[in-house]
Each structure stands twice: as C-alpha cells, then as structure tokens.
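Colleague: Structure file work38.txt (compact mmCIF, C-alpha atoms and all ligand atoms) right here:
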```
# COMPACT_ATOMS: atom_id res chain seq x y z
CA MET A 23 11.57 0.40 15.47
CA GLU A 24 9.55 0.16 18.62
CA ASN A 25 7.03 -2.64 18.73
CA ILE A 26 3.71 -1.18 17.65
CA ILE A 27 1.36 -3.89 18.85
CA ASP A 28 -1.55 -2.04 20.36
CA ILE A 29 -3.28 -0.36 17.44
CA VAL A 30 -7.02 -0.47 17.98
CA PRO A 31 -8.85 -2.69 15.43
CA LEU A 32 -11.17 -0.77 13.07
CA THR A 33 -14.26 -2.43 14.50
CA GLU A 34 -13.38 -1.03 17.93
CA TRP A 35 -12.90 2.58 16.85
CA GLY A 36 -16.27 3.42 18.37
CA LEU A 37 -17.60 5.02 15.19
CA GLY A 38 -19.74 2.09 14.08
CA PHE A 39 -17.23 0.86 11.51
CA GLU A 40 -17.67 -2.50 9.93
CA PHE A 41 -15.22 -4.55 7.97
CA PRO A 42 -14.18 -3.70 5.29
CA LEU A 43 -14.26 0.01 6.04
CA LEU A 44 -15.71 2.08 3.19
CA ILE A 45 -14.75 5.74 2.97
CA ALA A 46 -16.09 7.83 0.08
CA GLY A 47 -16.68 11.43 -0.92
CA PRO A 48 -15.41 14.13 -3.23
CA CYS A 49 -11.75 14.90 -3.70
CA SER A 50 -12.57 18.49 -2.66
CA ALA A 51 -15.53 20.09 -0.93
CA GLU A 52 -16.62 22.59 -3.61
CA SER A 53 -20.07 23.79 -2.51
CA GLU A 54 -22.61 23.08 0.17
CA GLU A 55 -24.95 21.50 -2.41
CA GLN A 56 -22.24 19.26 -3.86
CA VAL A 57 -21.15 18.05 -0.42
CA LEU A 58 -24.65 17.41 0.89
CA ALA A 59 -26.00 15.79 -2.29
CA THR A 60 -23.05 13.36 -2.44
CA ALA A 61 -23.24 12.55 1.28
CA LYS A 62 -27.01 11.94 1.19
CA GLU A 63 -26.76 9.54 -1.73
CA LEU A 64 -23.92 7.62 -0.08
CA ALA A 65 -25.67 7.55 3.31
CA ALA A 66 -28.88 6.21 1.73
CA ASP A 67 -26.96 3.17 0.46
CA GLY A 68 -25.83 2.45 4.02
CA ARG A 69 -22.45 0.83 3.39
CA VAL A 70 -20.19 3.89 3.51
CA LYS A 71 -19.26 4.81 7.09
CA ILE A 72 -16.98 7.79 6.56
CA PHE A 73 -17.58 10.73 4.26
CA ARG A 74 -14.31 12.22 3.00
CA ALA A 75 -13.79 15.68 1.50
CA GLY A 76 -10.62 17.69 1.01
CA VAL A 77 -10.85 21.22 2.41
CA TRP A 78 -7.13 22.04 2.28
CA LYS A 79 -5.56 20.76 -0.92
CA PRO A 80 -1.75 20.58 -1.16
CA ARG A 81 -1.27 21.14 -4.89
CA THR A 82 1.89 20.10 -6.70
CA ARG A 83 2.02 23.38 -8.62
CA PRO A 84 0.73 26.76 -7.41
CA GLY A 85 -2.39 28.25 -8.92
CA GLY A 86 -4.68 25.21 -8.66
CA PHE A 87 -7.81 24.93 -6.51
CA GLU A 88 -6.52 24.85 -2.93
CA GLY A 89 -9.75 24.07 -1.09
CA LEU A 90 -12.24 26.22 0.79
CA GLY A 91 -10.97 25.71 4.34
CA GLU A 92 -13.13 26.67 7.30
CA GLN A 93 -16.20 27.44 5.16
CA ALA A 94 -16.24 23.81 3.96
CA LEU A 95 -15.87 22.48 7.51
CA LYS A 96 -19.29 24.03 8.24
CA TRP A 97 -20.80 21.97 5.41
CA LEU A 98 -19.22 18.82 6.80
CA LYS A 99 -20.81 19.56 10.16
CA ARG A 100 -24.15 19.57 8.34
CA VAL A 101 -23.29 16.28 6.61
CA LYS A 102 -22.70 14.78 10.03
CA SER A 103 -25.93 15.96 11.58
CA GLU A 104 -28.12 15.30 8.52
CA THR A 105 -26.76 11.91 7.41
CA GLY A 106 -25.16 10.39 10.50
CA LEU A 107 -21.98 9.69 8.52
CA SER A 108 -18.63 10.28 10.18
CA VAL A 109 -16.61 12.94 8.38
CA ALA A 110 -12.92 13.04 7.47
CA VAL A 111 -10.58 15.71 6.10
CA GLU A 112 -6.90 15.92 5.26
CA VAL A 113 -4.74 17.94 7.65
CA ALA A 114 -1.33 19.21 6.64
CA MET A 115 -0.54 21.84 9.29
CA PRO A 116 -1.20 22.15 13.04
CA GLN A 117 -3.67 25.00 12.32
CA HIS A 118 -5.71 22.56 10.21
CA VAL A 119 -5.88 20.18 13.16
CA GLU A 120 -7.13 22.96 15.44
CA LEU A 121 -9.89 23.92 13.03
CA ALA A 122 -10.84 20.31 12.28
CA LEU A 123 -11.25 19.65 15.99
CA GLU A 124 -13.23 22.86 16.46
CA TYR A 125 -15.71 21.64 13.82
CA ALA A 126 -15.93 18.15 15.37
CA ILE A 127 -14.38 16.33 12.41
CA ASP A 128 -14.33 12.60 13.29
CA VAL A 129 -11.27 11.37 11.42
CA VAL A 130 -8.29 13.10 9.80
CA TRP A 131 -5.73 11.89 7.31
CA LEU A 132 -2.19 12.86 6.45
CA GLY A 133 -1.54 13.17 2.72
CA ALA A 134 1.34 11.65 0.76
CA ARG A 135 3.38 14.85 0.78
CA THR A 136 2.89 15.34 4.51
CA THR A 137 3.84 11.77 5.45
CA ALA A 138 7.14 12.37 3.69
CA ASN A 139 8.06 15.24 6.04
CA PRO A 140 9.17 14.09 9.52
CA PHE A 141 9.19 17.62 11.04
CA LEU A 142 5.64 18.27 9.93
CA VAL A 143 4.45 14.85 11.06
CA GLU A 144 6.01 15.51 14.47
CA GLN A 145 4.12 18.82 14.72
CA LEU A 146 0.86 17.20 13.62
CA ALA A 147 1.36 14.36 16.08
CA ALA A 148 1.78 16.94 18.87
CA ALA A 149 -1.35 18.83 17.75
CA LEU A 150 -3.34 15.58 17.61
CA SER A 151 -1.94 13.99 20.76
CA GLY A 152 -4.72 14.92 23.19
CA ALA A 153 -7.51 14.87 20.62
CA ASN A 154 -8.49 11.21 20.72
CA ILE A 155 -9.32 11.18 17.04
CA PRO A 156 -8.47 8.42 14.51
CA VAL A 157 -5.69 9.29 12.07
CA LEU A 158 -5.18 7.78 8.61
CA VAL A 159 -1.70 7.95 7.12
CA LYS A 160 -1.25 7.90 3.35
CA ASN A 161 1.95 6.42 1.97
CA PRO A 162 4.67 8.93 1.06
CA VAL A 163 4.98 9.85 -2.63
CA THR A 164 8.19 7.81 -2.96
CA PRO A 165 8.19 4.05 -2.34
CA ASP A 166 9.88 4.36 1.03
CA LEU A 167 8.39 1.97 3.57
CA GLU A 168 10.58 3.27 6.42
CA LEU A 169 9.29 6.81 5.92
CA TRP A 170 5.70 5.55 5.98
CA ILE A 171 6.35 3.52 9.14
CA GLY A 172 8.21 6.50 10.63
CA SER A 173 5.11 8.70 10.34
CA ILE A 174 2.90 6.03 11.86
CA GLU A 175 5.42 5.60 14.67
CA ARG A 176 5.51 9.35 15.39
CA LEU A 177 1.72 9.46 15.73
CA TRP A 178 1.69 6.29 17.81
CA ARG A 179 4.36 7.68 20.15
CA SER A 180 2.23 10.73 20.75
CA GLY A 181 -0.49 8.45 22.12
CA ILE A 182 -2.73 7.96 19.07
CA LYS A 183 -3.83 4.33 18.98
CA ARG A 184 -6.57 4.51 16.35
CA ILE A 185 -4.37 4.61 13.25
CA ALA A 186 -4.79 3.14 9.78
CA ALA A 187 -2.53 3.35 6.74
CA ILE A 188 -3.83 4.34 3.33
CA HIS A 189 -2.13 2.84 0.31
CA ARG A 190 -2.49 5.33 -2.57
CA GLY A 191 0.40 4.17 -4.74
CA PHE A 192 3.69 5.83 -5.63
CA HIS A 193 4.71 8.51 -8.09
CA PRO A 194 5.59 6.88 -11.44
CA TYR A 195 7.68 9.70 -12.94
CA GLU A 196 6.97 8.35 -16.42
CA ARG A 197 3.49 8.09 -17.88
CA SER A 198 1.89 4.73 -17.18
CA ARG A 199 -1.53 3.11 -17.49
CA LEU A 200 -2.20 3.94 -13.85
CA ARG A 201 -1.69 7.34 -12.23
CA ASN A 202 0.41 5.90 -9.41
CA ILE A 203 2.43 2.69 -9.31
CA PRO A 204 0.72 0.45 -6.75
CA LYS A 205 3.80 -1.53 -5.60
CA TRP A 206 1.44 -3.78 -3.68
CA GLU A 207 4.41 -5.51 -2.06
CA ILE A 208 5.07 -2.37 0.03
CA ALA A 209 1.54 -2.43 1.47
CA ILE A 210 1.97 -6.16 2.15
CA ASP A 211 5.35 -5.54 3.84
CA LEU A 212 3.77 -2.82 5.99
CA LYS A 213 1.12 -5.30 7.11
CA SER A 214 3.79 -7.86 8.02
CA ARG A 215 5.84 -5.23 9.88
CA ILE A 216 2.84 -3.94 11.90
CA PRO A 217 0.22 -6.73 11.86
CA SER A 218 -2.27 -4.81 14.03
CA LEU A 219 -2.32 -1.86 11.59
CA PRO A 220 -5.38 -1.67 9.30
CA VAL A 221 -4.35 -0.93 5.70
CA ILE A 222 -6.94 0.77 3.51
CA CYS A 223 -6.56 1.11 -0.26
CA ASP A 224 -7.24 4.33 -2.18
CA PRO A 225 -7.98 2.94 -5.65
CA SER A 226 -8.86 6.40 -7.03
CA HIS A 227 -5.31 7.74 -6.76
CA ILE A 228 -3.73 4.50 -7.95
CA ALA A 229 -6.04 4.27 -10.97
CA GLY A 230 -6.17 7.94 -11.95
CA LYS A 231 -9.05 7.11 -14.29
CA ALA A 232 -12.60 6.35 -13.17
CA ASN A 233 -12.96 3.25 -15.36
CA LEU A 234 -9.88 1.61 -13.76
CA VAL A 235 -10.98 2.18 -10.14
CA PRO A 236 -13.04 -1.06 -9.78
CA GLU A 237 -10.16 -3.23 -11.01
CA ILE A 238 -7.78 -1.71 -8.43
CA ALA A 239 -10.38 -1.91 -5.66
CA GLN A 240 -10.91 -5.62 -6.38
CA HIS A 241 -7.19 -6.29 -6.33
CA ALA A 242 -6.93 -4.57 -2.94
CA LEU A 243 -9.70 -6.78 -1.56
CA ASP A 244 -8.02 -9.86 -3.06
CA LEU A 245 -4.95 -8.88 -1.02
CA SER A 246 -6.99 -8.68 2.23
CA MET A 247 -6.87 -4.90 2.57
CA ASP A 248 -9.07 -3.65 5.39
CA GLY A 249 -11.04 -1.05 3.49
CA LEU A 250 -11.34 1.32 0.54
CA MET A 251 -11.20 5.10 0.30
CA VAL A 252 -12.81 6.19 -2.97
CA GLU A 253 -13.31 9.62 -4.53
CA VAL A 254 -16.97 10.22 -5.40
CA HIS A 255 -18.39 13.36 -7.01
CA PRO A 256 -21.90 14.07 -8.37
CA THR A 257 -20.51 15.44 -11.67
CA PRO A 258 -16.91 14.19 -11.86
CA LEU A 259 -15.96 15.92 -15.10
CA GLN A 260 -16.79 19.30 -13.57
CA ALA A 261 -14.75 18.61 -10.42
CA LEU A 262 -12.23 21.30 -9.45
CA SER A 263 -9.63 18.62 -8.64
CA ASP A 264 -9.05 15.00 -9.72
CA ALA A 265 -11.79 15.21 -12.39
CA MET A 266 -10.71 12.08 -14.26
CA GLN A 267 -10.66 9.66 -11.36
CA GLN A 268 -13.87 10.40 -9.45
CA LEU A 269 -16.92 8.13 -9.66
CA THR A 270 -20.51 9.30 -9.49
CA PRO A 271 -22.33 8.04 -6.37
CA ARG A 272 -24.27 5.66 -8.67
CA ALA A 273 -21.09 4.27 -10.24
CA PHE A 274 -19.56 3.89 -6.78
CA ILE A 275 -22.57 1.96 -5.45
CA ASN A 276 -22.55 -0.17 -8.59
CA MET A 277 -18.86 -0.92 -8.03
CA ILE A 278 -19.46 -1.94 -4.41
CA ASP A 279 -22.35 -4.20 -5.53
CA ASN A 280 -20.04 -5.97 -7.95
CA LEU A 281 -16.89 -6.28 -5.85
CA ASN A 282 -16.09 -9.67 -4.44
CA PHE A 283 -15.58 -9.21 -0.69
CA HIS A 284 -13.61 -12.20 0.57
CA PHE A 285 -13.43 -13.72 4.00
CA THR A 286 -9.95 -13.51 5.53
CA THR A 287 -10.22 -17.20 6.28
CA SER A 288 -12.80 -19.99 6.42
CA THR A 289 -13.95 -22.23 9.25
CA ASP A 290 -15.23 -24.89 6.83
CA TYR A 291 -13.30 -28.09 7.76
CA ARG A 292 -13.05 -29.16 4.06
CA PHE A 293 -11.37 -25.86 3.24
CA ILE A 294 -9.02 -26.16 6.24
CA ASP A 295 -8.13 -29.78 5.32
CA PHE A 296 -7.51 -28.90 1.71
CA LEU A 297 -5.34 -25.92 2.61
CA GLU A 298 -3.30 -27.98 5.04
CA GLN A 299 -2.66 -30.76 2.51
CA VAL A 300 -1.57 -28.40 -0.24
CA ARG A 301 0.52 -26.29 2.15
CA ASN A 302 2.33 -29.46 3.29
CA ARG A 303 3.28 -30.16 -0.30
CA ILE A 304 4.45 -26.57 -0.76
CA ASP A 305 6.56 -26.88 2.43
CA SER A 306 8.20 -29.99 1.03
CA ILE A 307 8.89 -28.36 -2.35
CA ASP A 308 10.40 -25.28 -0.65
CA GLN A 309 12.66 -27.58 1.37
CA GLN A 310 13.82 -29.24 -1.87
CA ILE A 311 14.40 -25.87 -3.56
CA ILE A 312 16.64 -24.80 -0.68
CA GLU A 313 18.53 -28.11 -0.69
CA LEU A 314 19.05 -27.77 -4.44
CA LEU A 315 20.26 -24.18 -4.04
CA ALA A 316 22.77 -25.40 -1.45
CA ALA A 317 23.94 -28.19 -3.79
CA ARG A 318 24.28 -25.67 -6.63
CA MET A 319 26.33 -23.39 -4.42
CA LYS A 320 28.73 -26.24 -3.58
CA LEU A 321 29.40 -26.65 -7.32
CA VAL A 322 29.81 -22.89 -7.76
CA GLU A 323 32.40 -23.00 -4.95
CA GLN A 324 34.29 -25.79 -6.73
CA ILE A 325 34.36 -23.69 -9.91
CA GLY A 326 35.49 -20.70 -7.81
CA GLU A 327 38.44 -22.65 -6.37
CA TYR A 328 39.40 -23.81 -9.83
CA LYS A 329 39.20 -20.28 -11.24
CA ARG A 330 41.45 -19.07 -8.45
CA THR A 331 44.07 -21.78 -9.15
CA ASN A 332 43.94 -21.04 -12.87
CA ASN A 333 43.66 -17.27 -12.52
CA VAL A 334 40.36 -17.05 -14.44
CA SER A 335 37.85 -14.24 -13.90
CA ILE A 336 34.67 -14.89 -11.95
CA PHE A 337 31.99 -13.48 -14.21
CA GLN A 338 31.54 -15.40 -17.44
CA LEU A 339 29.26 -13.48 -19.77
CA ARG A 340 28.71 -16.19 -22.41
CA ARG A 341 27.82 -18.82 -19.82
CA TRP A 342 25.52 -16.40 -17.97
CA GLU A 343 23.71 -15.46 -21.19
CA ASN A 344 23.19 -19.13 -22.01
CA ILE A 345 21.88 -19.84 -18.54
CA LEU A 346 19.38 -16.99 -18.72
CA LYS A 347 18.19 -17.93 -22.20
CA SER A 348 17.79 -21.65 -21.59
CA ARG A 349 16.15 -21.29 -18.15
CA ILE A 350 13.70 -18.66 -19.40
CA GLU A 351 12.74 -20.94 -22.30
CA CYS A 352 12.34 -23.86 -19.93
CA GLY A 353 10.21 -21.72 -17.60
CA LYS A 354 8.04 -20.58 -20.49
CA ARG A 355 7.37 -24.18 -21.49
CA LEU A 356 6.16 -24.77 -17.93
CA GLY A 357 3.96 -21.68 -17.93
CA LEU A 358 6.24 -19.47 -15.79
CA ASP A 359 6.58 -15.77 -16.42
CA GLU A 360 9.84 -14.62 -18.09
CA GLU A 361 10.37 -11.76 -15.64
CA TYR A 362 9.88 -14.12 -12.68
CA ILE A 363 12.54 -16.57 -13.88
CA LYS A 364 14.90 -13.74 -14.79
CA ASN A 365 14.62 -12.12 -11.35
CA LEU A 366 15.11 -15.44 -9.63
CA LEU A 367 18.21 -16.30 -11.67
CA GLN A 368 19.69 -12.85 -11.16
CA LEU A 369 19.43 -13.40 -7.42
CA VAL A 370 21.09 -16.81 -7.70
CA HIS A 371 23.84 -15.48 -9.96
CA LYS A 372 24.53 -12.49 -7.72
CA GLU A 373 25.05 -14.78 -4.75
CA SER A 374 27.33 -17.12 -6.68
CA ILE A 375 29.46 -14.18 -7.85
CA LYS A 376 29.68 -13.03 -4.22
CA LYS A 377 30.75 -16.51 -3.06
CA GLN A 378 33.40 -16.80 -5.78
CA ALA A 379 34.69 -13.31 -4.97
CA GLU A 380 35.22 -14.45 -1.36
CA ILE A 381 37.09 -17.49 -2.62
CA LEU A 382 39.21 -15.39 -4.93
CA ARG A 383 40.12 -13.09 -2.04
CA GLY A 384 41.23 -16.23 -0.22
CA ASN A 385 38.40 -16.36 2.32
CA GLN A 386 36.68 -19.55 3.15
CA PRO A 387 33.05 -19.33 2.00
CA ASN A 388 30.63 -19.34 4.93
CA LYS A 389 33.41 -18.20 7.24
CA LYS A 390 32.78 -14.81 8.82
CA GLU A 391 35.58 -12.30 8.28
C1 LIG B 1 29.70 -20.63 -11.74
C2 LIG B 1 30.31 -19.82 -12.63
O1 LIG B 1 30.58 -18.48 -12.35
C3 LIG B 1 29.64 -17.44 -12.52
C4 LIG B 1 28.38 -17.90 -11.95
C5 LIG B 1 27.45 -18.59 -12.72
C6 LIG B 1 26.33 -19.37 -12.10
O2 LIG B 1 26.00 -19.12 -10.93
O3 LIG B 1 25.77 -20.25 -12.76
C7 LIG B 1 27.61 -18.56 -14.11
C8 LIG B 1 28.59 -17.86 -14.73
C9 LIG B 1 29.57 -17.05 -13.99
O4 LIG B 1 29.23 -15.70 -14.16
C10 LIG B 1 30.73 -20.31 -13.96
O5 LIG B 1 31.63 -19.68 -14.52
O6 LIG B 1 30.20 -21.32 -14.39
```
Could you render the structure from this file as structure tokens?
Ligand SMILES: C=C(O[C@@H]1C=C(C(=O)O)C=C[C@H]1O)C(=O)O

Modeller:
Amino acid sequence: MENIIDIVPLTEWGLGFEFPLLIAGPCSAESEEQVLATAKELAADGRVKIFRAGVWKPRTRPGGFEGLGEQALKWLKRVKSETGLSVAVEVAMPQHVELALEYAIDVVWLGARTTANPFLVEQLAAALSGANIPVLVKNPVTPDLELWIGSIERLWRSGIKRIAAIHRGFHPYERSRLRNIPKWEIAIDLKSRIPSLPVICDPSHIAGKANLVPEIAQHALDLSMDGLMVEVHPTPLQALSDAMQQLTPRAFINMIDNLNFHFTTSTDYRFIDFLEQVRNRIDSIDQQIIELLAARMKLVEQIGEYKRTNNVSIFQLRRWENILKSRIECGKRLGLDEEYIKNLLQLVHKESIKKQAEILRGNQPNKKE
C-alpha cells in the first residue's frame, strides 16, 4: 500500500465542519416536504453540518424503492439555500457523479456494495478526480479491510484528499440483535493503518432498530470515532426504505443531547501523571507476560524433543481439554471473560503445536528453513 499520509483533517474541509462531524437526514429523499421539513428541524438545532439523503438506492432485491434521482437533487439544492446545511448523496455510477456535481452537491459517499467493486470505484474515482469534492467511503458488505482500504486508495490516487471512511458494520448472514455486525476492530485497524483518515460511524445501519441507535452511537464515540452519520425521518414508520432504523428529528436531537462526547486526550497534568504511572505498570506486566510465554515455549520444546525420541504424537487431546477447562475456571475466578481466555489459550496452543511440528520434522526451533 502506498503511504496515505496527506488526508485533509475534517476541520479543514472548508465546509464549516466541527469535531465530531454530525451527518443526518432521511435514508431516501421521498418528497420535497419530507426533505425540507427534516432539514429545517435539524438546521435549527445547529449541530448537524451535513444533510444526507439517498436519491439513488442500490436495493438488494429488485422491486424496492430505488430513489427519485434528479428530481430529488432539486430538493437538496433548496435545502442548501434555505438552511445553509451542506448536502450529501450516495453515488454508485459515474452518471450519478455528473448529476450530483451539476446540482452542486457538497459531499458524496460510496455505499457498501460499491466499495466492494474495484472497477466501479476506479470509474467513480475518475469521474470525481477533478471535482474537488469530499468523498465518504462506506465499508464493504464483507469484513474485508483490504477492500475498504483499496477503495480509499483508488480515490486518493485520483487526487481526492478530502476523504473519510464510514463504518456501517458487516453483513451478519444469520439473524442477530443488530442489523449488521459492527466488528469494531476493523474500524480500529483502519485508523491504525491510515492515521490521518477520519472514521465516521453509521449507527443506523449497525443497529437496524431505532431504539438501539443511541447505544451504538455512544460506543462509536467511546472508541474515538470522528463523527456520526444517522438516518433521520419525520415519520420513520412510513419511510419507503429503512423504516425500522430511522429516528425522528426530535429523537435524534434527544440522542445527541444525551451522548457523552469525549475529549481525545486531556491536558490536565493530574490526568497525564496518572496515565503515565498506570501505563508504566502495564508495560512491566506485558514484559513479564512475554517472558513467561518464552519460558513456557522452552518447556514445550523440551516436551517436543521427548515426543520425537519416543515417537509420541504432538497433539494431546486430554491434556489440552484439561488446560482449557482449568484456565477458564481460573480466569473466571479472577473476573476474566471465558471467551477471552479461550481465544488466548488457543493462540498459545497453536504456536506450541507449530513449534513441536518443527521439532518433529527435525528442524531446530527458531532456525529459519
Ligand atoms: C506441550 C504439549 O503438547 C501440546 C501442547 C500443549 C500446550 O501448549 O500446553 C498441550 C498439549 C499438546 O496438545 C503436551 O503434550 O503437553
């Protein structure tokens, strides 16, 4: 991957954005009244900076409401002039980009199905390259970080420097409490891979149900996400798309009032001192964990040598079951989650099997083949 280091921070996008960036609006633009009423209520509150509305809707199955296209872009132009909000739409084809630019749309986003298609992203990147317009990139439907980064990279290579990612969760296949599996670790990994990239959370698509949206939005803020994109509709249950997950403007404003917006860090010297002291202790514990893992591996190697001499197989089911059971019980007594201990031990066991396999094949452990 090329080093993407020059993405413009949100606050310098020139559209009056503050941190965290709040984007809200209906899933789909359905009528001029619906669009304007929602935008006016959001604008009056003052915290939302971008009004979103889908005008081209890529539907999973044919026959659903596919958006009103150019007609709806005219309404968004009115939103802009009457409320001062910036306006954003999803684009999925180069023709969409052309029309969006013609109607002076301020920001566009690529949807989850588009991000997953490198040919399409390449075409969109070409269509957007001279436009000097910010582009938001939703994660692909599948939990594939490389594909997400690939789309961002394609846009960036075509000269777009105002880019943000939108984390909208991943397809769960089976029914779950949430509509999409968040897999927060992927959003965190993206942030570590491209530190200058703002990552915005879309709690509406992760939650799938209006009453779960605030919980997801709070979690995103707890993880230092740079903004929220939320679906807001004046009468959600009558919405032509995503009826279950949209909030009324009132409910949205209420949610924002009650969210805990954290600072990314603190300049208070007591906080800095405290953090440093505790982090020093964590550093020392991590050092000990690694030393203990190395000592454990030495013993595993001894067993491996002995198994080789005595022609005994590497994997020992009974012993492994006992280890899992006793360590999980021990962890539970100390307040540690069963799944956490299990995952950790599986990692340790996998590595010790690998080491013993090397020994059995006659290779020196640690020696490169
Ligand atoms: C080390 C051994 O070999 C394997 C590795 C184990 C471990 O890492 O603790 C446990 C059981 C075996 O599957 C052993 O037999 O004790």

Colleague: Can you build me a table of chain A residues sitting at most 10 Å from ligand LIG 1 (chain B), with the closest atom pair per residue and its distance in Å to one decimal, using only C-alpha atoms and all ligand atoms, sorted by chain and residue number, as JSON lines?

Modeller:
```
{"residue": "A:Arg318", "atom": "CA", "partner": "B:LIG1", "partner_atom": "O2", "distance": 8.0}
{"residue": "A:Met319", "atom": "CA", "partner": "B:LIG1", "partner_atom": "O2", "distance": 7.8}
{"residue": "A:Lys320", "atom": "CA", "partner": "B:LIG1", "partner_atom": "C1", "distance": 9.9}
{"residue": "A:Leu321", "atom": "CA", "partner": "B:LIG1", "partner_atom": "C1", "distance": 7.5}
{"residue": "A:Val322", "atom": "CA", "partner": "B:LIG1", "partner_atom": "C1", "distance": 4.6}
{"residue": "A:Glu323", "atom": "CA", "partner": "B:LIG1", "partner_atom": "C1", "distance": 7.7}
{"residue": "A:Gln324", "atom": "CA", "partner": "B:LIG1", "partner_atom": "C1", "distance": 8.5}
{"residue": "A:Ile325", "atom": "CA", "partner": "B:LIG1", "partner_atom": "C1", "distance": 5.9}
{"residue": "A:Gly326", "atom": "CA", "partner": "B:LIG1", "partner_atom": "C1", "distance": 7.0}
{"residue": "A:Tyr328", "atom": "CA", "partner": "B:LIG1", "partner_atom": "O5", "distance": 10.0}
{"residue": "A:Lys329", "atom": "CA", "partner": "B:LIG1", "partner_atom": "O5", "distance": 8.3}
{"residue": "A:Val334", "atom": "CA", "partner": "B:LIG1", "partner_atom": "O5", "distance": 9.1}
{"residue": "A:Ser335", "atom": "CA", "partner": "B:LIG1", "partner_atom": "O5", "distance": 8.3}
{"residue": "A:Ile336", "atom": "CA", "partner": "B:LIG1", "partner_atom": "O1", "distance": 5.5}
{"residue": "A:Phe337", "atom": "CA", "partner": "B:LIG1", "partner_atom": "O4", "distance": 3.5}
{"residue": "A:Gln338", "atom": "CA", "partner": "B:LIG1", "partner_atom": "O4", "distance": 4.0}
{"residue": "A:Leu339", "atom": "CA", "partner": "B:LIG1", "partner_atom": "O4", "distance": 6.0}
{"residue": "A:Arg340", "atom": "CA", "partner": "B:LIG1", "partner_atom": "C8", "distance": 7.9}
{"residue": "A:Arg341", "atom": "CA", "partner": "B:LIG1", "partner_atom": "C8", "distance": 5.2}
{"residue": "A:Trp342", "atom": "CA", "partner": "B:LIG1", "partner_atom": "C8", "distance": 4.7}
{"residue": "A:Glu343", "atom": "CA", "partner": "B:LIG1", "partner_atom": "C8", "distance": 8.4}
{"residue": "A:Asn344", "atom": "CA", "partner": "B:LIG1", "partner_atom": "C7", "distance": 9.1}
{"residue": "A:Ile345", "atom": "CA", "partner": "B:LIG1", "partner_atom": "O3", "distance": 7.0}
{"residue": "A:Leu346", "atom": "CA", "partner": "B:LIG1", "partner_atom": "O3", "distance": 9.3}
{"residue": "A:Leu367", "atom": "CA", "partner": "B:LIG1", "partner_atom": "O2", "distance": 8.3}
{"residue": "A:Gln368", "atom": "CA", "partner": "B:LIG1", "partner_atom": "O2", "distance": 8.9}
{"residue": "A:Leu369", "atom": "CA", "partner": "B:LIG1", "partner_atom": "O2", "distance": 9.4}
{"residue": "A:Val370", "atom": "CA", "partner": "B:LIG1", "partner_atom": "O2", "distance": 6.3}
{"residue": "A:His371", "atom": "CA", "partner": "B:LIG1", "partner_atom": "O2", "distance": 4.3}
{"residue": "A:Lys372", "atom": "CA", "partner": "B:LIG1", "partner_atom": "O2", "distance": 7.5}
{"residue": "A:Glu373", "atom": "CA", "partner": "B:LIG1", "partner_atom": "O2", "distance": 7.6}
{"residue": "A:Ser374", "atom": "CA", "partner": "B:LIG1", "partner_atom": "O2", "distance": 4.9}
{"residue": "A:Ile375", "atom": "CA", "partner": "B:LIG1", "partner_atom": "C4", "distance": 5.6}
{"residue": "A:Lys376", "atom": "CA", "partner": "B:LIG1", "partner_atom": "C4", "distance": 9.2}
{"residue": "A:Lys377", "atom": "CA", "partner": "B:LIG1", "partner_atom": "C4", "distance": 9.3}
{"residue": "A:Gln378", "atom": "CA", "partner": "B:LIG1", "partner_atom": "O1", "distance": 7.3}
{"residue": "A:Ala379", "atom": "CA", "partner": "B:LIG1", "partner_atom": "O1", "distance": 9.9}
```

Colleague: If we count all atoms listed in the file and set the cut-off at 9 Å, which residues sit around Lys62 (chain A), ignoring sequence neighbours fewer than 6 positions away in its own chain? Please answer as a ChimeraX atom specification.

Modeller: /A:101,104-105

Colleague: Fewer than 2 positions away in the same chain doesn't count, so skip those; otherwise give me all residues within 9 Å of Pro165 (chain A), counting all atoms listed in the file, as a list in words.

Modeller: Asn161, Pro162, Val163, Leu167, Leu169, Trp170, Gly191, Phe192, His193, Lys205 and Ile208 of chain A

Colleague: Point out the residue among A:Leu281, A:Leu382, A:Leu366, A:Ala75 with the least atom-to-atom distance to Glu327 (chain A), counting all atoms listed in the file.

Modeller: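 Going through A:Leu281, A:Leu382, A:Leu366, A:Ala75 one by one, the smallest distance to Glu327 (chain A) is for A:Leu382.
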
Colleague: Residues near Asn280 (chain A), anyone? I mean within 12 Å using all atoms listed in the file, not counting same-chain ones fewer than 3 positions away, as a list in words.

Modeller: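 Here the answer would be Pro236, Glu237, Ala239, Gln240, Ala273, Phe274, Ile275, Asn276, Met277 and Phe283 of chain A.
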
Colleague: Residues of region 144-179 of chain A that approach region 37-49 of chain A to 12 Å or less, counting only C-alpha atoms: could you list each one with the shortest pair of atoms and its distance in Å to one decimal, rows by chain and increasing residue number, as a tab-separated table?

Modeller:
```
residue	atom	partner	partner_atom	distance
A:Ile155	CA	A:Leu37	CA	10.5
A:Pro156	CA	A:Leu37	CA	9.8
A:Leu158	CA	A:Ile45	CA	11.3
```

Colleague: I'd like the interatomic distance between CA of Ser218 (chain A) and CA of Glu298 (chain A), to a tenth of an Å.

Modeller: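 Between these atoms lies a distance of 24.9 Å.
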
Colleague: Find the spatial neighbours of Phe73 (chain A), counting only C-alpha atoms, within a cut-off of 12 Å - ignore same-chain residues fewer than 6 positions away - and output them as a PyMOL selection string.

Modeller: chain A and resi 43-51+57-65+97-102+105-112+127-130+250-255+271

Colleague: Could you state the separation of CA of Gly133 (chain A) and CA of Lys160 (chain A) in Å, given to one decimal place?

Modeller: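 Interatomic distance, CA of Gly133 (chain A) to CA of Lys160 (chain A): 5.3 Å.
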
Colleague: Name the closest residue to Gln267 (chain A) among the candidates A:Gln299, A:Asn139, A:Asn202, A:Ser180; distances are taken between atoms, counting only C-alpha atoms.

Modeller: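 Checking each candidate against Gln267 (chain A), we get A:Asn202 as the closest.
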
Colleague: Give me the residues near Asp224 (chain A) as a ChimeraX atom specification, where near means some atom within 7 Å (using all atoms listed in the file) and where sequence neighbours in that chain fewer than 2 positions away do not count.

Modeller: /A:188-190,222,226-228,250-252

Colleague: Expressed in Å to a single decimal, how great is the separation between CA of Ile182 (chain A) and CA of Leu90 (chain A)?

Modeller: 27.5 Å

Colleague: Have a look at A:Arg179, A:Arg199, A:Arg215, A:His118 and name the one nearest to Gly230 (chain A); count all atoms listed in the file.

Modeller: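 Checking each of A:Arg179, A:Arg199, A:Arg215, A:His118 against Gly230 (chain A), counting all atoms listed in the file, the winner is A:Arg199.
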